[in-house]
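*Asks:* target05.pdb is reproduced below (PDB, C-alpha atoms, pLDDT in the B column).
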```pdb
ATOM      1  CA  MET W   1     -98.077-133.139 -99.398  1.00 59.00           C
ATOM      2  CA  VAL W   2     -97.359-132.865-103.130  1.00 60.00           C
ATOM      3  CA  GLU W   3     -97.456-129.354-104.589  1.00 68.00           C
ATOM      4  CA  SER W   4     -99.539-128.919-107.752  1.00 70.00           C
ATOM      5  CA  THR W   5     -97.586-127.806-110.817  1.00 75.00           C
ATOM      6  CA  ASN W   6     -98.441-126.333-114.213  1.00 76.00           C
ATOM      7  CA  ILE W   7    -101.493-124.510-112.877  1.00 73.00           C
ATOM      8  CA  THR W   8    -102.657-120.917-113.327  1.00 73.00           C
ATOM      9  CA  TRP W   9    -105.335-119.042-111.377  1.00 71.00           C
ATOM     10  CA  HIS W  10    -108.219-118.146-113.711  1.00 74.00           C
ATOM     11  CA  ASN W  11    -109.740-114.784-112.786  1.00 81.00           C
ATOM     12  CA  SER W  12    -113.475-114.079-112.830  1.00 85.00           C
ATOM     13  CA  LYS W  13    -115.164-111.018-114.266  1.00 89.00           C
ATOM     14  CA  VAL W  14    -117.264-110.843-111.098  1.00 92.00           C
ATOM     15  CA  THR W  15    -115.422-109.674-107.979  1.00 93.00           C
ATOM     16  CA  LYS W  16    -116.044-110.371-104.321  1.00 94.00           C
ATOM     17  CA  GLU W  17    -117.080-106.740-103.961  1.00 94.00           C
ATOM     18  CA  ASP W  18    -119.626-107.192-106.786  1.00 95.00           C
ATOM     19  CA  ARG W  19    -121.121-110.178-104.987  1.00 94.00           C
ATOM     20  CA  GLN W  20    -121.220-108.380-101.645  1.00 96.00           C
ATOM     21  CA  LYS W  21    -122.929-105.397-103.253  1.00 95.00           C
ATOM     22  CA  GLN W  22    -125.534-107.682-104.828  1.00 94.00           C
ATOM     23  CA  LYS W  23    -126.218-109.359-101.488  1.00 95.00           C
ATOM     24  CA  ASN W  24    -126.055-106.090 -99.552  1.00 95.00           C
ATOM     25  CA  HIS W  25    -123.710-107.442 -96.879  1.00 97.00           C
ATOM     26  CA  LYS W  26    -120.053-108.320 -96.355  1.00 97.00           C
ATOM     27  CA  SER W  27    -118.852-111.932 -96.356  1.00 97.00           C
ATOM     28  CA  PRO W  28    -116.791-112.551 -93.232  1.00 98.00           C
ATOM     29  CA  VAL W  29    -115.694-115.964 -92.009  1.00 98.00           C
ATOM     30  CA  ILE W  30    -117.030-116.439 -88.479  1.00 98.00           C
ATOM     31  CA  TRP W  31    -114.689-119.004 -86.949  1.00 98.00           C
ATOM     32  CA  PHE W  32    -116.053-120.725 -83.831  1.00 98.00           C
ATOM     33  CA  THR W  33    -113.377-122.379 -81.711  1.00 97.00           C
ATOM     34  CA  GLY W  34    -113.626-124.081 -78.335  1.00 97.00           C
ATOM     35  CA  LEU W  35    -113.507-127.399 -76.544  1.00 96.00           C
ATOM     36  CA  SER W  36    -115.713-130.315 -77.521  1.00 94.00           C
ATOM     37  CA  GLY W  37    -119.086-129.762 -75.871  1.00 94.00           C
ATOM     38  CA  SER W  38    -118.569-126.008 -75.453  1.00 96.00           C
ATOM     39  CA  GLY W  39    -121.496-125.224 -77.760  1.00 96.00           C
ATOM     40  CA  LYS W  40    -119.817-124.287 -81.050  1.00 96.00           C
ATOM     41  CA  SER W  41    -122.278-126.187 -83.238  1.00 94.00           C
ATOM     42  CA  THR W  42    -125.286-125.174 -81.149  1.00 96.00           C
ATOM     43  CA  VAL W  43    -124.455-121.458 -81.298  1.00 98.00           C
ATOM     44  CA  SER W  44    -123.494-121.566 -84.991  1.00 97.00           C
ATOM     45  CA  VAL W  45    -126.778-123.283 -85.927  1.00 97.00           C
ATOM     46  CA  GLU W  46    -128.773-120.581 -84.159  1.00 98.00           C
ATOM     47  CA  LEU W  47    -126.633-117.811 -85.611  1.00 98.00           C
ATOM     48  CA  GLU W  48    -127.099-119.180 -89.136  1.00 98.00           C
ATOM     49  CA  LYS W  49    -130.862-119.149 -88.585  1.00 98.00           C
ATOM     50  CA  ALA W  50    -130.756-115.587 -87.209  1.00 98.00           C
ATOM     51  CA  LEU W  51    -128.703-114.423 -90.202  1.00 98.00           C
ATOM     52  CA  PHE W  52    -131.092-116.116 -92.634  1.00 97.00           C
ATOM     53  CA  GLU W  53    -134.053-114.395 -90.986  1.00 97.00           C
ATOM     54  CA  HIS W  54    -132.119-111.122 -91.282  1.00 96.00           C
ATOM     55  CA  GLY W  55    -131.828-111.632 -95.060  1.00 97.00           C
ATOM     56  CA  VAL W  56    -128.139-112.572 -94.928  1.00 97.00           C
ATOM     57  CA  HIS W  57    -126.753-115.286 -97.211  1.00 97.00           C
ATOM     58  CA  ALA W  58    -124.843-117.548 -94.818  1.00 97.00           C
ATOM     59  CA  TYR W  59    -123.557-121.113 -94.840  1.00 96.00           C
ATOM     60  CA  ARG W  60    -122.309-123.229 -91.952  1.00 96.00           C
ATOM     61  CA  LEU W  61    -119.390-125.650 -92.060  1.00 93.00           C
ATOM     62  CA  ASP W  62    -119.488-128.039 -89.098  1.00 84.00           C
ATOM     63  CA  GLY W  63    -116.635-130.257 -87.918  1.00 71.00           C
ATOM     64  CA  ASP W  64    -118.464-133.586 -87.925  1.00 72.00           C
ATOM     65  CA  ASN W  65    -120.346-132.798 -91.146  1.00 78.00           C
ATOM     66  CA  ILE W  66    -117.130-132.007 -93.015  1.00 79.00           C
ATOM     67  CA  ARG W  67    -115.547-135.239 -91.807  1.00 77.00           C
ATOM     68  CA  HIS W  68    -118.399-137.159 -93.453  1.00 76.00           C
ATOM     69  CA  GLY W  69    -117.235-136.002 -96.883  1.00 79.00           C
ATOM     70  CA  LEU W  70    -114.423-133.595 -97.717  1.00 77.00           C
ATOM     71  CA  ASN W  71    -112.210-134.697 -94.829  1.00 80.00           C
ATOM     72  CA  ASN W  72    -113.335-138.300 -94.379  1.00 82.00           C
ATOM     73  CA  ASN W  73    -109.773-139.506 -94.961  1.00 84.00           C
ATOM     74  CA  LEU W  74    -108.395-137.622 -91.936  1.00 84.00           C
ATOM     75  CA  GLY W  75    -108.002-138.844 -88.377  1.00 79.00           C
ATOM     76  CA  PHE W  76    -107.229-136.882 -85.222  1.00 81.00           C
ATOM     77  CA  SER W  77    -103.434-136.914 -85.109  1.00 83.00           C
ATOM     78  CA  PRO W  78    -101.808-133.466 -84.847  1.00 82.00           C
ATOM     79  CA  GLU W  79    -100.898-133.694 -88.557  1.00 88.00           C
ATOM     80  CA  ASP W  80    -104.438-134.627 -89.590  1.00 87.00           C
ATOM     81  CA  ARG W  81    -105.943-131.914 -87.393  1.00 84.00           C
ATOM     82  CA  LYS W  82    -103.660-129.391 -89.093  1.00 89.00           C
ATOM     83  CA  GLU W  83    -104.691-130.607 -92.557  1.00 90.00           C
ATOM     84  CA  ASN W  84    -108.359-130.600 -91.529  1.00 87.00           C
ATOM     85  CA  ILE W  85    -108.169-126.915 -90.614  1.00 91.00           C
ATOM     86  CA  ARG W  86    -106.076-126.058 -93.687  1.00 92.00           C
ATOM     87  CA  ARG W  87    -108.744-127.526 -95.995  1.00 93.00           C
ATOM     88  CA  ILE W  88    -111.565-125.799 -94.131  1.00 92.00           C
ATOM     89  CA  GLY W  89    -109.659-122.523 -94.324  1.00 95.00           C
ATOM     90  CA  GLU W  90    -109.362-122.870 -98.100  1.00 95.00           C
ATOM     91  CA  VAL W  91    -113.079-123.673 -98.472  1.00 95.00           C
ATOM     92  CA  ALA W  92    -113.988-120.743 -96.203  1.00 96.00           C
ATOM     93  CA  ASN W  93    -111.763-118.490 -98.312  1.00 96.00           C
ATOM     94  CA  LEU W  94    -113.665-119.532-101.460  1.00 95.00           C
ATOM     95  CA  LEU W  95    -117.025-118.894 -99.776  1.00 97.00           C
ATOM     96  CA  ASN W  96    -115.746-115.503 -98.620  1.00 97.00           C
ATOM     97  CA  ASP W  97    -114.947-114.678-102.260  1.00 95.00           C
ATOM     98  CA  ALA W  98    -118.419-115.949-103.250  1.00 96.00           C
ATOM     99  CA  GLY W  99    -119.960-113.283-101.008  1.00 97.00           C
ATOM    100  CA  LEU W 100    -121.364-115.644 -98.369  1.00 97.00           C
ATOM    101  CA  VAL W 101    -121.071-115.232 -94.631  1.00 98.00           C
ATOM    102  CA  THR W 102    -119.355-118.452 -93.582  1.00 97.00           C
ATOM    103  CA  LEU W 103    -119.739-119.990 -90.144  1.00 98.00           C
ATOM    104  CA  THR W 104    -117.233-122.669 -89.154  1.00 96.00           C
ATOM    105  CA  ALA W 105    -117.594-124.786 -86.022  1.00 94.00           C
ATOM    106  CA  PHE W 106    -114.369-126.695 -85.329  1.00 92.00           C
ATOM    107  CA  ILE W 107    -112.413-127.319 -82.153  1.00 93.00           C
ATOM    108  CA  SER W 108    -109.367-126.088 -84.150  1.00 93.00           C
ATOM    109  CA  PRO W 109    -107.160-126.511 -81.085  1.00 92.00           C
ATOM    110  CA  TYR W 110    -103.967-124.973 -82.438  1.00 93.00           C
ATOM    111  CA  ARG W 111    -103.611-121.186 -82.461  1.00 95.00           C
ATOM    112  CA  GLU W 112    -101.075-121.385 -85.290  1.00 95.00           C
ATOM    113  CA  ASP W 113    -103.577-123.143 -87.572  1.00 95.00           C
ATOM    114  CA  ARG W 114    -106.315-120.601 -86.851  1.00 96.00           C
ATOM    115  CA  ASN W 115    -103.891-117.765 -87.533  1.00 96.00           C
ATOM    116  CA  GLN W 116    -102.936-119.315 -90.879  1.00 96.00           C
ATOM    117  CA  VAL W 117    -106.598-119.232 -91.891  1.00 96.00           C
ATOM    118  CA  ARG W 118    -106.796-115.603 -90.757  1.00 97.00           C
ATOM    119  CA  GLN W 119    -103.852-114.789 -93.035  1.00 97.00           C
ATOM    120  CA  LEU W 120    -105.685-116.237 -96.059  1.00 96.00           C
ATOM    121  CA  LEU W 121    -108.343-113.551 -95.729  1.00 97.00           C
ATOM    122  CA  GLU W 122    -108.354-109.797 -96.031  1.00 95.00           C
ATOM    123  CA  ASP W 123    -108.171-107.718 -92.849  1.00 95.00           C
ATOM    124  CA  GLY W 124    -111.481-107.800 -91.005  1.00 95.00           C
ATOM    125  CA  ASP W 125    -112.822-110.855 -92.867  1.00 97.00           C
ATOM    126  CA  PHE W 126    -111.824-113.367 -90.149  1.00 98.00           C
ATOM    127  CA  ILE W 127    -113.922-113.160 -87.001  1.00 98.00           C
ATOM    128  CA  GLU W 128    -112.683-115.506 -84.303  1.00 98.00           C
ATOM    129  CA  VAL W 129    -115.437-116.434 -81.860  1.00 98.00           C
ATOM    130  CA  PHE W 130    -114.114-118.102 -78.715  1.00 98.00           C
ATOM    131  CA  VAL W 131    -116.840-120.363 -77.369  1.00 98.00           C
ATOM    132  CA  LYS W 132    -115.570-120.357 -73.817  1.00 98.00           C
ATOM    133  CA  CYS W 133    -116.725-123.066 -71.457  1.00 97.00           C
ATOM    134  CA  SER W 134    -114.970-124.742 -68.556  1.00 96.00           C
ATOM    135  CA  LEU W 135    -113.622-128.249 -69.089  1.00 95.00           C
ATOM    136  CA  GLU W 136    -115.747-129.366 -66.134  1.00 94.00           C
ATOM    137  CA  GLU W 137    -118.946-128.139 -67.785  1.00 96.00           C
ATOM    138  CA  CYS W 138    -117.976-129.605 -71.165  1.00 95.00           C
ATOM    139  CA  GLU W 139    -117.420-132.961 -69.474  1.00 94.00           C
ATOM    140  CA  LYS W 140    -120.782-132.707 -67.733  1.00 93.00           C
ATOM    141  CA  ARG W 141    -122.514-132.069 -71.040  1.00 93.00           C
ATOM    142  CA  ASP W 142    -120.463-134.631 -73.013  1.00 88.00           C
ATOM    143  CA  PRO W 143    -123.161-134.844 -75.735  1.00 81.00           C
ATOM    144  CA  LYS W 144    -121.295-137.495 -77.735  1.00 85.00           C
ATOM    145  CA  GLY W 145    -119.830-139.418 -74.798  1.00 90.00           C
ATOM    146  CA  LEU W 146    -116.326-138.577 -75.976  1.00 91.00           C
ATOM    147  CA  TYR W 147    -114.904-137.282 -72.709  1.00 92.00           C
ATOM    148  CA  GLN W 148    -115.882-140.497 -70.956  1.00 92.00           C
ATOM    149  CA  LYS W 149    -114.203-142.533 -73.680  1.00 92.00           C
ATOM    150  CA  ALA W 150    -111.099-140.350 -73.382  1.00 91.00           C
ATOM    151  CA  ARG W 151    -111.049-140.764 -69.599  1.00 92.00           C
ATOM    152  CA  ASP W 152    -111.430-144.524 -70.076  1.00 91.00           C
ATOM    153  CA  GLY W 153    -108.485-144.577 -72.471  1.00 90.00           C
ATOM    154  CA  GLU W 154    -110.610-145.519 -75.489  1.00 91.00           C
ATOM    155  CA  ILE W 155    -109.744-142.273 -77.302  1.00 88.00           C
ATOM    156  CA  LYS W 156    -106.162-141.025 -77.386  1.00 88.00           C
ATOM    157  CA  GLY W 157    -105.108-137.445 -78.113  1.00 87.00           C
ATOM    158  CA  PHE W 158    -108.435-135.928 -77.054  1.00 90.00           C
ATOM    159  CA  THR W 159    -108.385-132.130 -76.817  1.00 92.00           C
ATOM    160  CA  GLY W 160    -108.546-130.926 -73.231  1.00 90.00           C
ATOM    161  CA  ILE W 161    -107.701-134.334 -71.763  1.00 93.00           C
ATOM    162  CA  ASP W 162    -104.415-135.563 -73.233  1.00 89.00           C
ATOM    163  CA  ALA W 163    -104.015-133.097 -76.108  1.00 89.00           C
ATOM    164  CA  PRO W 164    -103.642-129.311 -75.844  1.00 92.00           C
ATOM    165  CA  TYR W 165    -106.075-126.535 -76.652  1.00 95.00           C
ATOM    166  CA  ASP W 166    -104.614-123.088 -77.368  1.00 96.00           C
ATOM    167  CA  GLU W 167    -107.156-120.530 -76.206  1.00 96.00           C
ATOM    168  CA  PRO W 168    -107.487-117.495 -78.497  1.00 97.00           C
ATOM    169  CA  GLU W 169    -105.397-114.575 -77.265  1.00 95.00           C
ATOM    170  CA  GLN W 170    -107.444-111.771 -78.850  1.00 96.00           C
ATOM    171  CA  PRO W 171    -110.681-113.162 -80.287  1.00 98.00           C
ATOM    172  CA  GLU W 172    -113.037-110.701 -81.913  1.00 98.00           C
ATOM    173  CA  VAL W 173    -115.902-112.140 -79.839  1.00 98.00           C
ATOM    174  CA  THR W 174    -116.083-114.333 -76.731  1.00 98.00           C
ATOM    175  CA  VAL W 175    -119.259-116.090 -75.648  1.00 98.00           C
ATOM    176  CA  GLU W 176    -119.221-117.878 -72.307  1.00 98.00           C
ATOM    177  CA  THR W 177    -121.704-120.659 -72.843  1.00 97.00           C
ATOM    178  CA  ASP W 178    -121.522-121.944 -69.282  1.00 95.00           C
ATOM    179  CA  GLU W 179    -122.782-118.552 -68.098  1.00 96.00           C
ATOM    180  CA  MET W 180    -124.854-117.189 -71.004  1.00 96.00           C
ATOM    181  CA  GLU W 181    -128.137-118.334 -72.504  1.00 97.00           C
ATOM    182  CA  LEU W 182    -128.023-119.457 -76.145  1.00 97.00           C
ATOM    183  CA  LYS W 183    -130.086-116.472 -77.265  1.00 97.00           C
ATOM    184  CA  GLU W 184    -127.687-114.083 -75.533  1.00 98.00           C
ATOM    185  CA  SER W 185    -124.654-115.681 -77.221  1.00 98.00           C
ATOM    186  CA  VAL W 186    -126.260-115.239 -80.646  1.00 98.00           C
ATOM    187  CA  GLU W 187    -127.211-111.629 -79.875  1.00 98.00           C
ATOM    188  CA  VAL W 188    -123.628-110.797 -78.852  1.00 98.00           C
ATOM    189  CA  ILE W 189    -122.328-112.055 -82.216  1.00 98.00           C
ATOM    190  CA  MET W 190    -125.114-110.375 -84.206  1.00 98.00           C
ATOM    191  CA  ASP W 191    -124.376-107.094 -82.424  1.00 98.00           C
ATOM    192  CA  TYR W 192    -120.686-107.397 -83.344  1.00 98.00           C
ATOM    193  CA  LEU W 193    -121.549-108.026 -87.003  1.00 98.00           C
ATOM    194  CA  LYS W 194    -123.882-105.015 -87.119  1.00 97.00           C
ATOM    195  CA  GLU W 195    -121.546-102.670 -85.232  1.00 97.00           C
ATOM    196  CA  ASN W 196    -118.680-103.535 -87.586  1.00 97.00           C
ATOM    197  CA  ASN W 197    -120.813-103.153 -90.735  1.00 96.00           C
ATOM    198  CA  HIS W 198    -120.610-106.781 -91.820  1.00 97.00           C
ATOM    199  CA  ILE W 199    -124.384-107.048 -92.107  1.00 95.00           C
TER     200      ILE W 199
END
```
What does the file become when written as structure tokens?
*Replies:*
Amino acid sequence: MVESTNITWHNSKVTKEDRQKQKNHKSPVIWFTGLSGSGKSTVSVELEKALFEHGVHAYRLDGDNIRHGLNNNLGFSPEDRKENIRRIGEVANLLNDAGLVTLTAFISPYREDRNQVRQLLEDGDFIEVFVKCSLEECEKRDPKGLYQKARDGEIKGFTGIDAPYDEPEQPEVTVETDEMELKESVEVIMDYLKENNHI
């Protein structure tokens, strides 16, 4: 990747703290990670709705949605997956500065890539939510038919089948979607946000 040159960061007269004060809440990045079919998008959609109803300014970045536009030139090789997460991390960092609660729903299989996003943000602004679900249950759900295609050899490098997934070692929140109801998963995350004074 080519590094940009002859550029200077242009500061604003409005700070992140000003924006948070105006909105009356913090602006963490809530990073959902888990296998395909684990429920990342489903939980994040419901959480976004719950936050909205709570008067919180939130915006959701979803893996497939982002690949329709910003990242439509990326495939699923390890290098492209890394770049996909790098770009999302930078966008999430901007939204964090804008004072929005950002929800991201990406498999983001590599621990190193997730940690690099964490390092972009101030302490406490990155909330890793491990959407934990057994591979067996994810394959049973298979909402997009991707596991079957991977098993049939139509998709190569599929996370959980022939590509690795690094489970979070110390996520801020874990929701076990093969054991918990959707409402319960959302409540667990909302409780964390309230208890830690994010909202």
*Asks:* Can you work out the spacing between CA of Gln148 (chain W) and CA of Glu112 (chain W) in Å, to one decimal?
*Replies:*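 Atom-to-atom, CA of Gln148 (chain W) to CA of Glu112 (chain W), that is 28.1 Å.
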*Asks:* Within 6 Å of region 124-143 of chain W, which residues of region 12-74 of chain W come that close, and what is the closest atom pair and distance in Å for each? Count all atoms listed in the file and give it as CSV.
*Replies:*
```
residue,atom,partner,partner_atom,distance
W:Pro28,CA,W:Asp125,CA,4.3
W:Val29,CA,W:Phe126,CA,5.0
W:Ile30,CA,W:Ile127,CA,4.8
W:Trp31,CA,W:Glu128,CA,4.8
W:Phe32,CA,W:Val129,CA,4.8
W:Thr33,CA,W:Phe130,CA,5.3
W:Gly34,CA,W:Val131,CA,5.0
W:Gly37,CA,W:Cys138,CA,4.8
W:Ser38,CA,W:Cys133,CA,5.3
```
*Asks:* Running the PyMOL selection byres ((chain W and resi 116) around 12) on this model by hand, what would come out? Give it as a compact mmCIF listing (two decimals) with C-alpha atoms, in the frame of the given file.
*Replies:*
```txt
# COMPACT_ATOMS: atom_id res chain seq x y z
CA LYS W 82 -103.66 -129.39 -89.09
CA GLU W 83 -104.69 -130.61 -92.56
CA ILE W 85 -108.17 -126.92 -90.61
CA ARG W 86 -106.08 -126.06 -93.69
CA ARG W 87 -108.74 -127.53 -96.00
CA ILE W 88 -111.56 -125.80 -94.13
CA GLY W 89 -109.66 -122.52 -94.32
CA GLU W 90 -109.36 -122.87 -98.10
CA ASN W 93 -111.76 -118.49 -98.31
CA SER W 108 -109.37 -126.09 -84.15
CA TYR W 110 -103.97 -124.97 -82.44
CA ARG W 111 -103.61 -121.19 -82.46
CA GLU W 112 -101.08 -121.38 -85.29
CA ASP W 113 -103.58 -123.14 -87.57
CA ARG W 114 -106.32 -120.60 -86.85
CA ASN W 115 -103.89 -117.76 -87.53
CA VAL W 117 -106.60 -119.23 -91.89
CA ARG W 118 -106.80 -115.60 -90.76
CA GLN W 119 -103.85 -114.79 -93.04
CA LEU W 120 -105.68 -116.24 -96.06
CA LEU W 121 -108.34 -113.55 -95.73
CA PHE W 126 -111.82 -113.37 -90.15
```
*Asks:* Between CA of Gly160 (chain W) and CA of Ser36 (chain W), measure the distance and give it in Å to one decimal.
*Replies:*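 One can read the CA of Gly160 (chain W) to CA of Ser36 (chain W) distance as 8.4 Å.
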*Asks:* Could you pull the residues within 8 Å of Arg60 (chain W), counting all atoms listed in the file, minus those fewer than 6 positions along the same chain, as number ranges by chain?
*Replies:* W: 44-45, 48, 102-105
*Asks:* Given the choices W:Lys40, W:Lys49, W:Val14, W:His57, which gets closest to Ile199 (chain W) if the distance is worked out from only C-alpha atoms?
*Replies:*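 Looking only at the distances to Ile199 (chain W), the closest residue turns out to be W:His57.
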*Asks:* How many Å separate CA of Arg151 (chain W) from CA of Pro164 (chain W)?
*Replies:* 15.0 Å
*Asks:* So, counting all atoms listed in the file, which residue among W:His68, W:Lys156, W:Lys183, W:Lys144 is closest to Glu46 (chain W)?
*Replies:*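 Ranked by minimum distance to Glu46 (chain W), first place goes to W:Lys183.
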*Asks:* Just checking: using all atoms listed in the file, which residue out of W:Gln22, W:Ser27, W:Asn6, W:Ser77 ends up closest to Val101 (chain W)?
*Replies:*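 So, comparing all the options, the nearest one is W:Ser27.
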*Asks:* Quick one: everything within 9 Å of Ile189 (chain W), counting only C-alpha atoms, minus sequence neighbours fewer than 6 positions away in the same chain. Send it as a list of chain:residue names.
*Replies:*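 That gives W:Leu47, W:Val129, W:Val173, W:Thr174, W:Val175.
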*Asks:* Within 12 Å of Gly75 (chain W), counting only C-alpha atoms, which residues qualify if same-chain residues fewer than 4 places away don't, as a list of chain:residue names?
*Replies:* W:Asp64, W:Arg67, W:His68, W:Asn71, W:Glu79, W:Asp80, W:Arg81, W:Lys82, W:Glu83, W:Asn84, W:Ile155, W:Lys156, W:Gly157, W:Phe158
*Asks:* Pick the closest to Asn11 (chain W) from W:Glu53, W:Glu169, W:Asn24, W:Asp97: which is it, counting all atoms listed in the file?
*Replies:*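 Under the stated criterion, the closest residue is W:Asp97.
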*Asks:* To test your reading of the syntax: which residues would the PyMOL selection byres ((chain W and resi 20) around 10) return for the file shown? Reply as an MDAnalysis selection string.
*Replies:* chainID W and resid 15:19 21:27 57 96:101 198
*Asks:* Which residue gives the smallest distance to Ser41 (chain W) among W:Val91, W:Leu182, W:Leu70, W:Ala163, with all atoms listed in the file counted?
*Replies:*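 Nearest candidate to Ser41 (chain W) out of W:Val91, W:Leu182, W:Leu70, W:Ala163: W:Leu182.
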*Asks:* Which is closest to Leu193 (chain W) among W:Asp123, W:Glu154, W:Glu172, W:Asp178, if we use only C-alpha atoms?
*Replies:*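 Of all the options, W:Glu172 lies closest to Leu193 (chain W).
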